[in-house]
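Undergrad: So I've got this file, input.csv, and it contains CSV, C-alpha atoms and all ligand atoms:
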```csv
chain,number,residue,atom,x,y,z
A,1,MET,CA,-0.5,77.5,37.3
A,2,SER,CA,-1.5,74.3,35.5
A,3,HIS,CA,-5.2,73.5,34.9
A,4,PRO,CA,-6.6,70.0,35.1
A,5,PRO,CA,-7.4,68.5,31.7
A,6,ARG,CA,-11.0,69.2,30.6
A,7,ARG,CA,-13.4,66.3,30.7
A,8,ILE,CA,-15.3,64.4,28.1
A,9,LEU,CA,-19.1,64.4,28.2
A,10,VAL,CA,-21.0,61.5,26.5
A,11,THR,CA,-24.7,62.2,25.8
A,12,GLY,CA,-27.0,59.2,25.3
A,13,ALA,CA,-24.6,57.2,27.5
A,14,LEU,CA,-27.1,54.4,28.3
A,15,GLY,CA,-27.8,53.7,24.7
A,16,GLN,CA,-26.4,51.1,22.3
A,17,ILE,CA,-23.1,53.0,21.5
A,18,GLY,CA,-22.9,55.1,24.6
A,19,SER,CA,-23.0,52.3,27.1
A,20,GLU,CA,-19.8,50.9,25.6
A,21,LEU,CA,-18.1,54.1,24.5
A,22,VAL,CA,-18.1,55.5,28.1
A,23,HIS,CA,-16.1,52.4,29.2
A,24,ALA,CA,-13.8,52.6,26.2
A,25,LEU,CA,-13.1,56.3,26.8
A,26,ARG,CA,-12.5,55.7,30.5
A,27,ALA,CA,-10.1,52.9,29.8
A,28,ARG,CA,-8.1,55.3,27.6
A,29,TYR,CA,-8.4,58.6,29.5
A,30,GLY,CA,-9.3,57.6,33.1
A,31,GLN,CA,-12.6,57.1,35.0
A,32,ASP,CA,-12.8,60.7,36.2
A,33,ARG,CA,-12.2,62.3,32.8
A,34,VAL,CA,-15.4,60.9,31.3
A,35,VAL,CA,-18.8,62.0,32.4
A,36,ALA,CA,-21.7,59.8,31.3
A,37,SER,CA,-25.0,61.6,30.7
A,38,ASP,CA,-28.5,60.5,29.7
A,39,ILE,CA,-32.2,61.3,30.1
A,40,ARG,CA,-32.5,58.0,31.9
A,41,TYR,CA,-30.9,57.0,35.1
A,42,ALA,CA,-28.8,53.8,35.3
A,43,PRO,CA,-30.5,51.0,37.2
A,44,PRO,CA,-29.8,51.4,40.9
A,45,GLU,CA,-27.7,48.2,41.1
A,46,ALA,CA,-25.4,49.5,38.3
A,47,ALA,CA,-25.5,53.3,39.2
A,48,ALA,CA,-22.2,53.3,41.1
A,49,GLY,CA,-20.4,52.0,38.1
A,50,TRP,CA,-21.6,54.9,36.0
A,51,GLU,CA,-20.1,57.7,38.1
A,52,PRO,CA,-19.5,60.4,37.2
A,53,PHE,CA,-23.0,60.6,35.8
A,54,ALA,CA,-25.1,63.7,34.8
A,55,TYR,CA,-28.8,63.7,34.2
A,56,VAL,CA,-29.1,65.7,30.9
A,57,ASP,CA,-32.1,66.2,28.5
A,58,CYS,CA,-30.3,67.1,25.3
A,59,THR,CA,-33.2,69.2,24.2
A,60,ASN,CA,-32.7,71.4,27.2
A,61,ALA,CA,-29.8,73.9,26.6
A,62,VAL,CA,-29.7,74.9,30.3
A,63,GLN,CA,-29.1,71.3,31.4
A,64,ILE,CA,-26.3,70.9,28.8
A,65,GLN,CA,-24.7,74.2,29.9
A,66,GLU,CA,-24.9,73.2,33.6
A,67,ALA,CA,-23.2,69.9,32.9
A,68,VAL,CA,-20.5,71.5,30.8
A,69,ARG,CA,-19.7,74.1,33.5
A,70,ARG,CA,-20.0,71.7,36.5
A,71,TRP,CA,-17.7,69.1,35.0
A,72,ASN,CA,-15.3,71.4,33.1
A,73,VAL,CA,-16.1,69.7,29.8
A,74,GLY,CA,-13.8,70.1,26.7
A,75,THR,CA,-15.3,67.5,24.4
A,76,ILE,CA,-18.8,66.1,23.8
A,77,PHE,CA,-19.5,62.8,22.1
A,78,HIS,CA,-23.2,63.6,21.2
A,79,LEU,CA,-24.9,60.2,20.8
A,80,ALA,CA,-28.5,61.0,22.0
A,81,SER,CA,-30.7,60.3,19.0
A,82,LEU,CA,-33.7,58.3,17.7
A,83,LEU,CA,-32.9,55.6,15.2
A,84,SER,CA,-34.5,55.2,11.8
A,85,ALA,CA,-37.6,53.0,12.4
A,86,VAL,CA,-38.7,54.7,15.6
A,87,ALA,CA,-38.0,58.1,13.9
A,88,GLU,CA,-40.5,57.2,11.1
A,89,GLU,CA,-43.1,56.4,13.8
A,90,LYS,CA,-42.5,59.7,15.6
A,91,PRO,CA,-41.1,62.2,13.1
A,92,HIS,CA,-41.8,65.3,15.2
A,93,VAL,CA,-40.0,63.8,18.3
A,94,ALA,CA,-37.1,62.7,16.0
A,95,TRP,CA,-36.7,66.3,14.6
A,96,ASN,CA,-36.8,67.8,18.1
A,97,LEU,CA,-34.3,65.4,19.6
A,98,ASN,CA,-32.0,64.7,16.6
A,99,MET,CA,-31.8,68.3,15.3
A,100,GLY,CA,-32.8,70.4,18.3
A,101,GLY,CA,-30.4,68.4,20.5
A,102,LEU,CA,-27.5,68.8,18.1
A,103,TYR,CA,-28.1,72.5,17.6
A,104,GLY,CA,-28.1,73.1,21.4
A,105,ILE,CA,-24.8,71.1,21.7
A,106,LEU,CA,-23.2,73.0,18.9
A,107,GLU,CA,-24.2,76.4,20.3
A,108,ILE,CA,-22.7,75.4,23.7
A,109,ALA,CA,-19.6,74.2,21.9
A,110,ARG,CA,-19.3,77.5,20.2
A,111,GLU,CA,-19.7,79.5,23.4
A,112,ASN,CA,-17.3,77.3,25.4
A,113,GLY,CA,-14.7,76.2,22.9
A,114,LEU,CA,-15.6,72.5,22.9
A,115,ALA,CA,-14.9,69.7,20.4
A,116,VAL,CA,-18.0,67.7,19.2
A,117,PHE,CA,-18.3,64.2,17.8
A,118,PHE,CA,-21.5,63.6,15.9
A,119,PRO,CA,-22.5,60.2,14.6
A,120,SER,CA,-24.2,60.3,11.2
A,121,SER,CA,-25.3,57.1,9.4
A,122,ILE,CA,-25.8,55.2,6.1
A,123,GLY,CA,-29.3,56.6,6.7
A,124,ALA,CA,-28.0,60.0,5.4
A,125,PHE,CA,-28.1,58.5,1.9
A,126,GLY,CA,-31.2,57.9,-0.2
A,127,ARG,CA,-32.7,57.8,-3.7
A,128,GLY,CA,-30.2,58.7,-6.4
A,129,THR,CA,-27.1,57.8,-4.2
A,130,PRO,CA,-24.9,55.3,-6.0
A,131,ALA,CA,-25.8,52.1,-4.1
A,132,GLU,CA,-22.4,50.3,-4.4
A,133,HIS,CA,-19.1,51.6,-3.1
A,134,THR,CA,-21.0,54.8,-2.2
A,135,PRO,CA,-18.5,57.6,-2.5
A,136,GLN,CA,-17.7,59.9,0.4
A,137,ASP,CA,-19.1,63.0,-1.4
A,138,THR,CA,-22.2,62.1,-3.4
A,139,ILE,CA,-26.0,62.7,-3.8
A,140,GLN,CA,-27.8,62.7,-0.4
A,141,ARG,CA,-31.6,62.8,-0.8
A,142,PRO,CA,-32.9,60.6,2.1
A,143,THR,CA,-36.6,59.8,2.3
A,144,THR,CA,-36.8,59.2,6.0
A,145,MET,CA,-37.0,61.7,8.9
A,146,TYR,CA,-33.9,60.0,10.4
A,147,GLY,CA,-32.0,60.6,7.2
A,148,VAL,CA,-33.1,64.2,7.0
A,149,THR,CA,-31.9,64.8,10.5
A,150,LYS,CA,-28.6,63.1,9.7
A,151,VAL,CA,-27.9,65.1,6.5
A,152,ALA,CA,-28.9,68.3,8.2
A,153,GLY,CA,-26.7,67.3,11.2
A,154,GLU,CA,-23.7,66.7,8.9
A,155,LEU,CA,-24.2,70.1,7.3
A,156,LEU,CA,-24.7,71.9,10.6
A,157,CYS,CA,-21.5,70.4,12.0
A,158,ASP,CA,-19.6,71.6,8.9
A,159,TYR,CA,-21.2,75.0,9.2
A,160,TYR,CA,-20.1,75.4,12.9
A,161,HIS,CA,-16.6,74.4,12.0
A,162,GLN,CA,-16.3,76.7,8.9
A,163,ARG,CA,-18.2,79.7,10.4
A,164,PHE,CA,-17.2,79.5,14.1
A,165,GLY,CA,-14.1,77.3,14.2
A,166,VAL,CA,-15.8,74.6,16.4
A,167,ASP,CA,-13.8,71.3,16.2
A,168,THR,CA,-16.6,69.1,14.9
A,169,ARG,CA,-15.9,65.6,13.7
A,170,GLY,CA,-18.0,62.6,12.8
A,171,VAL,CA,-18.6,59.4,10.9
A,172,ARG,CA,-21.4,57.7,9.0
A,173,TYR,CA,-22.0,54.5,10.9
A,174,PRO,CA,-23.5,51.4,9.2
A,175,GLY,CA,-25.6,49.0,11.2
A,176,LEU,CA,-23.8,48.3,14.6
A,177,ILE,CA,-23.6,44.9,16.1
A,178,SER,CA,-22.9,44.3,19.8
A,179,HIS,CA,-23.5,41.8,22.5
A,180,THR,CA,-23.7,44.4,25.3
A,181,ALA,CA,-26.5,46.8,24.8
A,182,PRO,CA,-29.4,46.1,22.4
A,183,PRO,CA,-30.2,48.6,19.7
A,184,GLY,CA,-33.6,50.3,19.9
A,185,GLY,CA,-35.7,51.0,16.9
A,186,GLY,CA,-33.2,50.7,14.0
A,187,THR,CA,-33.6,49.1,10.6
A,188,THR,CA,-30.4,47.1,11.0
A,189,ASP,CA,-31.5,45.7,14.4
A,190,TYR,CA,-32.1,42.3,12.8
A,191,ALA,CA,-28.3,41.7,12.7
A,192,VAL,CA,-28.3,41.8,16.6
A,193,ASP,CA,-31.7,40.2,17.3
A,194,ILE,CA,-30.7,37.1,15.2
A,195,PHE,CA,-28.0,36.2,17.6
A,196,TYR,CA,-30.2,36.2,20.7
A,197,ALA,CA,-32.8,34.2,18.8
A,198,ALA,CA,-30.2,31.7,17.5
A,199,ILE,CA,-28.9,31.0,21.0
A,200,ARG,CA,-32.3,31.1,22.8
A,201,HIS,CA,-34.6,29.4,20.2
A,202,GLY,CA,-32.5,28.1,17.3
A,203,LYS,CA,-34.7,30.0,14.9
A,204,TYR,CA,-35.4,33.6,13.9
A,205,THR,CA,-38.1,35.5,12.0
A,206,CYS,CA,-36.4,38.3,10.0
A,207,PHE,CA,-38.2,41.5,9.1
A,208,LEU,CA,-35.9,42.3,6.1
A,209,GLN,CA,-35.7,40.2,2.9
A,210,ALA,CA,-33.1,37.5,2.6
A,211,ASP,CA,-31.1,39.4,0.0
A,212,THR,CA,-31.1,42.9,1.6
A,213,ARG,CA,-27.5,43.9,1.5
A,214,LEU,CA,-26.2,46.5,4.0
A,215,ASP,CA,-22.9,47.5,5.5
A,216,MET,CA,-22.4,46.6,9.2
A,217,MET,CA,-19.8,47.1,11.9
A,218,TYR,CA,-18.9,45.3,15.1
A,219,MET,CA,-19.0,47.6,18.1
A,220,PRO,CA,-15.3,47.5,19.0
A,221,ASP,CA,-14.5,48.9,15.6
A,222,ALA,CA,-17.3,51.5,16.0
A,223,LEU,CA,-15.8,52.7,19.3
A,224,ASP,CA,-12.3,52.9,17.8
A,225,ALA,CA,-13.7,55.0,14.9
A,226,ALA,CA,-15.1,57.6,17.3
A,227,ILE,CA,-12.1,57.7,19.6
A,228,ASP,CA,-9.5,57.6,16.9
A,229,LEU,CA,-11.2,60.3,14.8
A,230,MET,CA,-11.4,62.7,17.8
A,231,ALA,CA,-7.7,62.1,18.5
A,232,ALA,CA,-6.6,62.4,14.9
A,233,ASP,CA,-4.2,65.1,13.6
A,234,ALA,CA,-6.5,67.9,12.6
A,235,THR,CA,-4.2,69.1,9.8
A,236,ARG,CA,-4.7,65.8,7.9
A,237,LEU,CA,-8.5,66.1,8.0
A,238,VAL,CA,-10.0,67.3,4.7
A,239,HIS,CA,-13.5,66.2,5.5
A,240,ARG,CA,-13.8,66.4,9.3
A,241,ASN,CA,-17.5,65.4,9.4
A,242,ALA,CA,-19.5,62.4,8.1
A,243,PHE,CA,-16.7,60.1,7.1
A,244,ASN,CA,-18.0,56.9,5.5
A,245,VAL,CA,-16.8,53.9,7.6
A,246,THR,CA,-17.6,50.3,7.3
A,247,GLY,CA,-16.5,47.0,8.7
A,248,MET,CA,-18.3,44.3,6.7
A,249,ASN,CA,-21.1,43.8,4.3
A,250,PHE,CA,-23.8,41.0,4.2
A,251,THR,CA,-27.4,40.0,3.6
A,252,PRO,CA,-29.6,38.2,6.2
A,253,ASP,CA,-29.1,35.0,4.1
A,254,GLU,CA,-25.3,35.4,4.3
A,255,LEU,CA,-25.4,36.1,8.0
A,256,THR,CA,-27.5,33.0,8.5
A,257,ALA,CA,-25.0,30.9,6.6
A,258,GLU,CA,-22.2,32.1,8.8
A,259,ILE,CA,-24.2,31.4,12.0
A,260,ARG,CA,-24.9,27.9,10.8
A,261,LYS,CA,-21.2,27.2,10.7
A,262,HIS,CA,-21.4,27.3,14.5
A,263,LEU,CA,-25.1,26.3,15.0
A,264,PRO,CA,-26.0,23.9,12.1
A,265,GLN,CA,-29.6,23.5,13.3
A,266,PHE,CA,-30.3,27.2,13.2
A,267,THR,CA,-33.2,28.2,10.9
A,268,ILE,CA,-34.5,31.5,9.6
A,269,GLU,CA,-37.9,32.5,8.1
A,270,TYR,CA,-39.0,35.9,6.7
A,271,GLN,CA,-41.9,38.1,7.7
A,272,ILE,CA,-41.2,41.4,6.0
A,273,ASP,CA,-41.9,44.7,7.7
A,274,PRO,CA,-42.7,47.0,4.8
A,275,VAL,CA,-41.6,50.1,6.7
A,276,ARG,CA,-38.2,48.8,7.6
A,277,GLN,CA,-37.8,47.1,4.2
A,278,GLY,CA,-38.5,50.4,2.5
A,279,ILE,CA,-35.9,52.2,4.7
A,280,ALA,CA,-33.3,49.5,4.0
A,281,ASP,CA,-34.0,49.6,0.2
A,282,SER,CA,-33.3,53.3,0.2
A,283,TRP,CA,-29.9,52.9,1.8
A,284,PRO,CA,-26.6,52.0,0.0
A,285,ASP,CA,-25.5,48.4,-0.4
A,286,SER,CA,-21.8,49.2,0.4
A,287,LEU,CA,-19.8,52.3,1.3
A,288,ASP,CA,-16.4,53.5,0.1
A,289,ASP,CA,-14.5,54.4,3.2
A,290,SER,CA,-11.2,55.3,1.5
A,291,ALA,CA,-11.3,59.0,2.8
A,292,ALA,CA,-11.3,57.8,6.4
A,293,ARG,CA,-8.5,55.4,5.6
A,294,GLN,CA,-6.4,58.1,4.0
A,295,GLU,CA,-7.2,61.0,6.4
A,296,TRP,CA,-7.0,59.3,9.8
A,297,ASP,CA,-5.8,55.7,9.2
A,298,TRP,CA,-9.2,54.1,9.7
A,299,SER,CA,-8.9,50.3,9.6
A,300,PRO,CA,-11.6,47.9,11.0
A,301,LYS,CA,-10.4,44.8,12.8
A,302,TYR,CA,-13.5,42.6,12.5
A,303,ASP,CA,-14.9,40.9,9.4
A,304,LEU,CA,-18.1,38.7,9.2
A,305,PRO,CA,-16.5,35.4,10.4
A,306,ALA,CA,-14.6,37.1,13.3
A,307,MET,CA,-17.7,39.0,14.4
A,308,VAL,CA,-20.0,36.0,14.3
A,309,GLU,CA,-17.6,33.8,16.2
A,310,GLU,CA,-17.2,36.4,19.0
A,311,MET,CA,-20.9,37.4,19.2
A,312,LEU,CA,-22.0,33.7,19.7
A,313,ARG,CA,-19.3,33.1,22.3
A,314,GLU,CA,-20.0,36.3,24.3
A,315,LEU,CA,-23.8,36.0,24.1
A,316,ASP,CA,-23.7,32.3,25.0
A,317,ALA,CA,-21.8,33.2,28.2
A,318,LYS,CA,-24.1,36.1,28.9
A,319,LEU,CA,-27.4,34.3,28.4
A,320,SER,CA,-26.3,31.2,30.3
A,321,VAL,CA,-26.2,33.6,33.3
A,322,SER,CA,-29.3,35.6,32.6
A,323,ASP,CA,-31.5,32.7,31.3
A,324,PRO,CA,-30.1,29.8,33.3
B,1,LIG,C1,-30.6,52.3,12.1
B,1,LIG,O1,-30.8,51.1,11.6
B,1,LIG,O2,-31.4,53.2,12.3
B,1,LIG,C2,-29.2,52.5,12.5
B,1,LIG,C3,-28.4,53.2,11.4
B,1,LIG,C4,-27.9,52.4,10.3
B,1,LIG,O3,-28.2,54.3,11.5
B,1,LIG,N1,-28.5,51.3,13.0
```
Translate this file's structure into structure tokens.
TA:
Amino acid sequence: MSHPPRRILVTGALGQIGSELVHALRARYGQDRVVASDIRYAPPEAAAGWEPFAYVDCTNAVQIQEAVRRWNVGTIFHLASLLSAVAEEKPHVAWNLNMGGLYGILEIARENGLAVFFPSSIGAFGRGTPAEHTPQDTIQRPTTMYGVTKVAGELLCDYYHQRFGVDTRGVRYPGLISHTAPPGGGTTDYAVDIFYAAIRHGKYTCFLQADTRLDMMYMPDALDAAIDLMAADATRLVHRNAFNVTGMNFTPDELTAEIRKHLPQFTIEYQIDPVRQGIADSWPDSLDDSAARQEWDWSPKYDLPAMVEEMLRELDAKLSVSDP
């Protein structure tokens, strides 16, 4: 007797990555194969488009277990997490969600033979990490609660693979840029906010210094990274978890110069947020992603000019409908 293929569950499906990853996974594997889940419900006018949808609080193991059984889940893309700036404001909530949620997911994966994707971040690095071309395997002493949960999450995923044979895989994302869902509470959010401000007002007040260099990635590349890594040949994976990945690298000043090629009147001023500046200063300037390239053929498609051109075009179309 043949069994239907097991489904994919996406936690945090209404967040910045999840809201696009669900659609990308459905495009590849079929609508019914991918169950979106979140602690929020989709707005009523959009709810039908999100089916199948499961209400899941990731800190509640019973709810995760019920969703896994009900939908015959075989793989979880576990995205529910607080981002860096909001995690610094609410460190206890961040520990509970980022660590408690992951622990519950891994336990259920162990009991049910599931594969798990876990997104780590450039936030997993900190003081003492080489700032340029940060190696795959290096010093990780983050000074933020977000970073602590990301390093601990990387280690926990490695542990569940080595000790229990759970198929855990993951990447370290840089700042993610998208025209679909806004980020919420990250240090790299300026690189999305700037586009909305450029189109709506022709000017932007940036909370990071003009010369703060960070790695970034356009969302289509971030989705490919997650999907391709989970589909990769396991025998080639030396690292499995926490692969450095990057798409491009710039400062607010350089991003402004690129936007000005399309909107010459655009202006930027700086009003530094000391908390987010401190977080950004503790992160690397650029990552070495050669392990991902070697082990599962990672290769981003978008550089800075291609990303800026598409962001302005897509957002201009979107905002002309929402802000007529
Ligand atoms: C954040 O800024 O918190 C995230 C990240 C780099 O992990 N975008």
Undergrad: Find the residues around Asn72 (chain A) up to 7 Å (only C-alpha atoms counted), leave out those fewer than 3 positions away in its own chain, and share them as a list in words.
TA: Arg6, Arg7, Val68 and Arg69 of chain A
Undergrad: What is the distance, in Å and to one decimal place, between CA of Leu156 (chain A) and CA of Gly12 (chain A)?
TA: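 Going from CA of Leu156 (chain A) over to CA of Gly12 (chain A) covers 19.6 Å.
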Undergrad: Using all atoms listed in the file, what table do you get, as JSON lines, when you list each residue of chain A with an atom no more than 7 Å from ligand LIG 1 (chain B), its nearest pair of atoms, and their distance in Å rounded to one decimal, rows by chain then rising number?
TA:
```
{"residue": "A:Leu83", "atom": "CA", "partner": "B:LIG1", "partner_atom": "O2", "distance": 4.1}
{"residue": "A:Ser84", "atom": "CA", "partner": "B:LIG1", "partner_atom": "O2", "distance": 3.7}
{"residue": "A:Ala85", "atom": "CA", "partner": "B:LIG1", "partner_atom": "O2", "distance": 6.2}
{"residue": "A:Ser121", "atom": "CA", "partner": "B:LIG1", "partner_atom": "O3", "distance": 4.5}
{"residue": "A:Ile122", "atom": "CA", "partner": "B:LIG1", "partner_atom": "C4", "distance": 5.5}
{"residue": "A:Gly123", "atom": "CA", "partner": "B:LIG1", "partner_atom": "O3", "distance": 5.4}
{"residue": "A:Tyr173", "atom": "CA", "partner": "B:LIG1", "partner_atom": "O3", "distance": 6.2}
{"residue": "A:Pro174", "atom": "CA", "partner": "B:LIG1", "partner_atom": "C4", "distance": 4.6}
{"residue": "A:Gly175", "atom": "CA", "partner": "B:LIG1", "partner_atom": "N1", "distance": 4.1}
{"residue": "A:Leu176", "atom": "CA", "partner": "B:LIG1", "partner_atom": "N1", "distance": 5.8}
{"residue": "A:Gly185", "atom": "CA", "partner": "B:LIG1", "partner_atom": "O2", "distance": 6.7}
{"residue": "A:Gly186", "atom": "CA", "partner": "B:LIG1", "partner_atom": "O1", "distance": 3.4}
{"residue": "A:Thr187", "atom": "CA", "partner": "B:LIG1", "partner_atom": "O1", "distance": 3.6}
{"residue": "A:Thr188", "atom": "CA", "partner": "B:LIG1", "partner_atom": "O1", "distance": 4.1}
{"residue": "A:Asp189", "atom": "CA", "partner": "B:LIG1", "partner_atom": "O1", "distance": 6.1}
```
Undergrad: Quick one: everything within 12 Å of Ala54 (chain A), counting all atoms listed in the file, minus sequence neighbours fewer than 5 positions away in the same chain. Send it as a PyMOL selection string.
TA: chain A and resi 8-14+34-42+47+63-71+73
Undergrad: Quote the spacing between CA of Gln271 (chain A) and CA of Asp211 (chain A) in Å to one decimal place.
TA: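 Computed distance, CA of Gln271 (chain A) to CA of Asp211 (chain A), equals 13.3 Å.
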Undergrad: Between A:Val308, A:Asn241, A:Gly278, A:His92, which is the closest to Lys261 (chain A) once you count all atoms listed in the file?
TA: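 Ranked by minimum distance to Lys261 (chain A), first place goes to A:Val308.
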Undergrad: Dig up all the protein and nucleic acid residues within 8 Å of (-36.1, 58.6, 7.4) in the file frame, using only C-alpha atoms, and format them as a list of chain:residue names.
TA: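 Residues satisfying the cut-off, written out: A:Ser84, A:Ala85, A:Ala87, A:Glu88, A:Gly123, A:Pro142, A:Thr143, A:Thr144, A:Met145, A:Tyr146, A:Gly147, A:Val148, A:Ile279.
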Undergrad: Could the residues in this selection be written to a file with C-alpha atoms, as an mmCIF file, in the coordinates of the input?
TA:
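The resulting result-v4.cif:
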```
data_model
loop_
_atom_site.group_PDB
_atom_site.id
_atom_site.type_symbol
_atom_site.label_atom_id
_atom_site.label_comp_id
_atom_site.auth_asym_id
_atom_site.auth_seq_id
_atom_site.Cartn_x
_atom_site.Cartn_y
_atom_site.Cartn_z
ATOM 1 C CA SER A 84 -34.500 55.200 11.800
ATOM 2 C CA ALA A 85 -37.600 53.000 12.400
ATOM 3 C CA ALA A 87 -38.000 58.100 13.900
ATOM 4 C CA GLU A 88 -40.500 57.200 11.100
ATOM 5 C CA GLY A 123 -29.300 56.600 6.700
ATOM 6 C CA PRO A 142 -32.900 60.600 2.100
ATOM 7 C CA THR A 143 -36.600 59.800 2.300
ATOM 8 C CA THR A 144 -36.800 59.200 6.000
ATOM 9 C CA MET A 145 -37.000 61.700 8.900
ATOM 10 C CA TYR A 146 -33.900 60.000 10.400
ATOM 11 C CA GLY A 147 -32.000 60.600 7.200
ATOM 12 C CA VAL A 148 -33.100 64.200 7.000
ATOM 13 C CA ILE A 279 -35.900 52.200 4.700
#
```
Undergrad: Compile the contact shell of Arg213 (chain A) as an mmCIF file with C-alpha atoms, keeping the file's coordinate frame: residues with an atom at most 8 Å away, counting all atoms listed in the file, same-chain residues fewer than 6 positions apart removed.
TA:
```cif
data_model
loop_
_atom_site.group_PDB
_atom_site.id
_atom_site.type_symbol
_atom_site.label_atom_id
_atom_site.label_comp_id
_atom_site.auth_asym_id
_atom_site.auth_seq_id
_atom_site.Cartn_x
_atom_site.Cartn_y
_atom_site.Cartn_z
ATOM 1 C CA ASN A 249 -21.100 43.800 4.300
ATOM 2 C CA PHE A 250 -23.800 41.000 4.200
ATOM 3 C CA THR A 251 -27.400 40.000 3.600
ATOM 4 C CA PRO A 252 -29.600 38.200 6.200
ATOM 5 C CA ASP A 285 -25.500 48.400 -0.400
ATOM 6 C CA SER A 286 -21.800 49.200 0.400
#
```
